[in-house]
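To start, the structure under review is shown below, and the notes come after it.
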Amino acid sequence: MWPAVITFDCYGTLVSWPETLRACFESFLPEAADVAAFHKDFGEIHTQLRAGPYRPYTELLRLALERTMTKWEIPGVPKAQEEFLRIIRAIPPYPDVVPVLKDLKKDASRLAIISNTEDELIAETVRGLQVQFEVITAQQARAYKPDHRLFAFAFERLGVSSADVLHVGAGYATDIVPSFELGLSRIWINRRGEQMDVTKPPTAELPDLSGLAACVSSLRDNRSRRT
């Protein structure tokens with residue numbers, strides 16, 4: 001039965017990545033600081049580093065935080081780095097996520113995560129999702145999304161072809177665009193009301209995971225009618 005596997009981005013799709021980062025930044029920024037602007041600068045530096053030669057994700061995060069804090073002239077980098085990594089080892093799921101995942105598991109859906117992270121760093125976060133996942137990380141593939149090599153590695157590890165996969169992600173540039181380029185069926189979880197790239201659209205768009213099971217069923221029915 002299609003899809004043979006539903007693959008998910010984790011950070012920002014299943015768990016509250018931007019909210020967790022913002023709370024962490026607030027803990028060490030001066031009271032009057034613009035947390036949103038700091039977060040934006042961190043995100044840009046993080047993306048630039050991720051696009052360069054592969055380096056472990058913890059190293060990438062440490063360096064992105066150091067460069068952002070240096071730019072903002074904020075002291076206490078080593079302490080902030082340790083607290084940052086401690087917090088993101090166990091990011092809580094969004095409220096809509098666990099019930100949906102459990103329902104998908106009842107339907108015998110095979111679930112996998114494809115994430116820009118390291119195995120040990122994401123382990124506790126995945127346990128918090130309360131269902132069994134196959135987990136593919138950038139550490140395993142030595143490549144970060146949107147690089148197609150991470151997806152190709154994941155499909156080989158999972159023993160599936162791109163036609164067998166339905167990918168679910170919140171990151172447009174990191175998940176929806178490469179999914180489009182690879183010809184995957186893809187659902188965009190648009191939690192923050194962002195604008196899509198109309199040249200590389202999702203197959204479907206949802207505001208959160210609560211409607212995912214119905215959306216999967218609809219896509220499956222449409223696919224069956226075409227074949």
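Quick note on naming: the chains in the structure tokens go A, B, ... in the order shown, residues restart at 1 in each chain, and ligands are numbered from 1 in order of appearance.
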
Which residues, written as a PyMOL selection string, have at least one atom at most 12 Å from Arg142 (chain A), with only C-alpha atoms counted and residues fewer than 4 positions away on the same chain left out?
chain A and resi 50-57+115-119+136-138+147-154

Mind dumping the selected residues with C-alpha atoms as a compact mmCIF listing (two decimals), in the first residue's frame?
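Writing the result to part_2.txt gives the following:
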# COMPACT_ATOMS: atom_id res chain seq x y z
CA ARG A 50 25.30 23.95 6.65
CA ALA A 51 25.87 24.67 2.96
CA GLY A 52 29.65 24.38 3.35
CA PRO A 53 31.81 21.28 3.80
CA TYR A 54 30.24 18.72 6.11
CA ARG A 55 30.97 19.12 9.80
CA PRO A 56 29.23 17.45 12.76
CA TYR A 57 25.98 19.13 13.69
CA SER A 115 16.92 15.09 9.85
CA ASN A 116 19.81 17.54 9.74
CA THR A 117 21.29 16.34 13.00
CA GLU A 118 23.41 13.71 14.74
CA ASP A 119 22.22 10.35 16.02
CA ILE A 136 18.21 8.84 9.15
CA THR A 137 20.54 11.70 10.03
CA ALA A 138 22.97 14.00 8.31
CA ASP A 147 21.39 18.28 -0.48
CA HIS A 148 19.82 15.43 -2.44
CA ARG A 149 22.50 13.07 -1.09
CA LEU A 150 20.79 12.89 2.30
CA PHE A 151 17.50 11.86 0.68
CA ALA A 152 19.23 9.34 -1.59
CA PHE A 153 21.05 7.86 1.40
CA ALA A 154 17.77 7.65 3.33

Non-local contacts of Ser218 (chain A) (12 Å; only C-alpha atoms; under 4 positions in same chain excluded) as a list in words:
Trp2, Pro3, Ile187, Thr203, Ala204, Gly211, Leu212, Ala213, Ala214, Asn222, Arg223, Ser224 and Arg225 of chain A

Counting only C-alpha atoms, which residues in region 121-171 of chain A sit no more than 7 Å from region 85-99 of chain A? For each one, give the nearest pair of atoms and the distance in Å, sorted by chain then residue number, as a tab-separated table.
residue	atom	partner	partner_atom	distance
A:Leu121	CA	A:Arg89	CA	5.3
A:Ile122	CA	A:Arg89	CA	6.0
A:Glu124	CA	A:Ala90	CA	5.3
A:Thr125	CA	A:Ala90	CA	4.5
A:Gly128	CA	A:Pro92	CA	6.8
A:Leu129	CA	A:Val98	CA	5.8
A:Gln130	CA	A:Val98	CA	6.8

Pick from A:His46, A:His167, A:Arg62, A:Arg226: nearest to Glu82 (chain A), with only C-alpha atoms counted?
A:Arg62

Apply DSSP to the backbone of this structure and, from region 12-116 of chain A, keep only the residues in strand (DSSP E or B); write these as a ChimeraX atom specification.
/A:15,93,111-115

Which one of A:Thr7, A:Gln132, A:Thr58, A:Gln140 sits closest to Leu166 (chain A) if you count only C-alpha atoms?
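Looking only at the distances to Leu166 (chain A), the closest residue turns out to be A:Thr7.
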
Here is a test: counting only C-alpha atoms, which residue of A:Val168, A:Leu219, A:Ala23, A:Ala173 is nearest to Ile114 (chain A)?
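Residue with the minimum atom-to-atom distance to Ile114 (chain A): A:Val168.
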
Sel. of helix (DSSP H, G or I) residues, region 2-118 of chain A, as a VMD selection string
chain A and resid 17 to 28 35 to 51 57 to 71 77 to 88 97 to 106

Find, counting only C-alpha atoms, the residue in A:Arg186, A:Lys102, A:Arg67, A:Arg192 that gets nearest to Gln81 (chain A).
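With only C-alpha atoms as the atom set, the closest residue is A:Arg67.
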
For Ile74 (chain A), which of A:Cys24, A:Ile189, A:Leu14, A:Leu29 is the closest residue, counting only C-alpha atoms?
A:Leu29

For a test of reading the model, state the distance in Å between CA of Ala80 (chain A) and CA of Ala37 (chain A), rounded to one decimal.
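A separation of 17.6 Å between them.
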
Pick out the closest residue to Arg220 (chain A) from this set: A:Glu205, A:Gly43, A:Gly171, A:Val165. Count only C-alpha atoms.
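Result for the nearest residue to Arg220 (chain A): A:Val165.
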
Near-Lys40 (chain A) list (12 Å; only C-alpha atoms; drop same-chain fewer than 5 positions) as a list in words
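With the cut-off at 12 Å, the set is Pro18, Leu21, Arg22, Phe25, Asp34, Val35, Ile45, His46, Thr47, Ala64, Leu65 and Thr68 of chain A.
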
Show which residues sit within 12 Å of Pro202 (chain A), as a VMD selection string. Count only C-alpha atoms, and ignore same-chain residues fewer than 3 positions away.
chain A and resid 166 to 173 175 to 181 183 to 190 195 to 199 205 to 206

Å distance separating CA of Leu63 (chain A) from CA of Ala33 (chain A), one decimal place
20.9 Å

Between CA of Lys105 (chain A) and CA of Val131 (chain A), what is the distance, to one decimal in Å?
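Between these atoms lies a distance of 7.5 Å.
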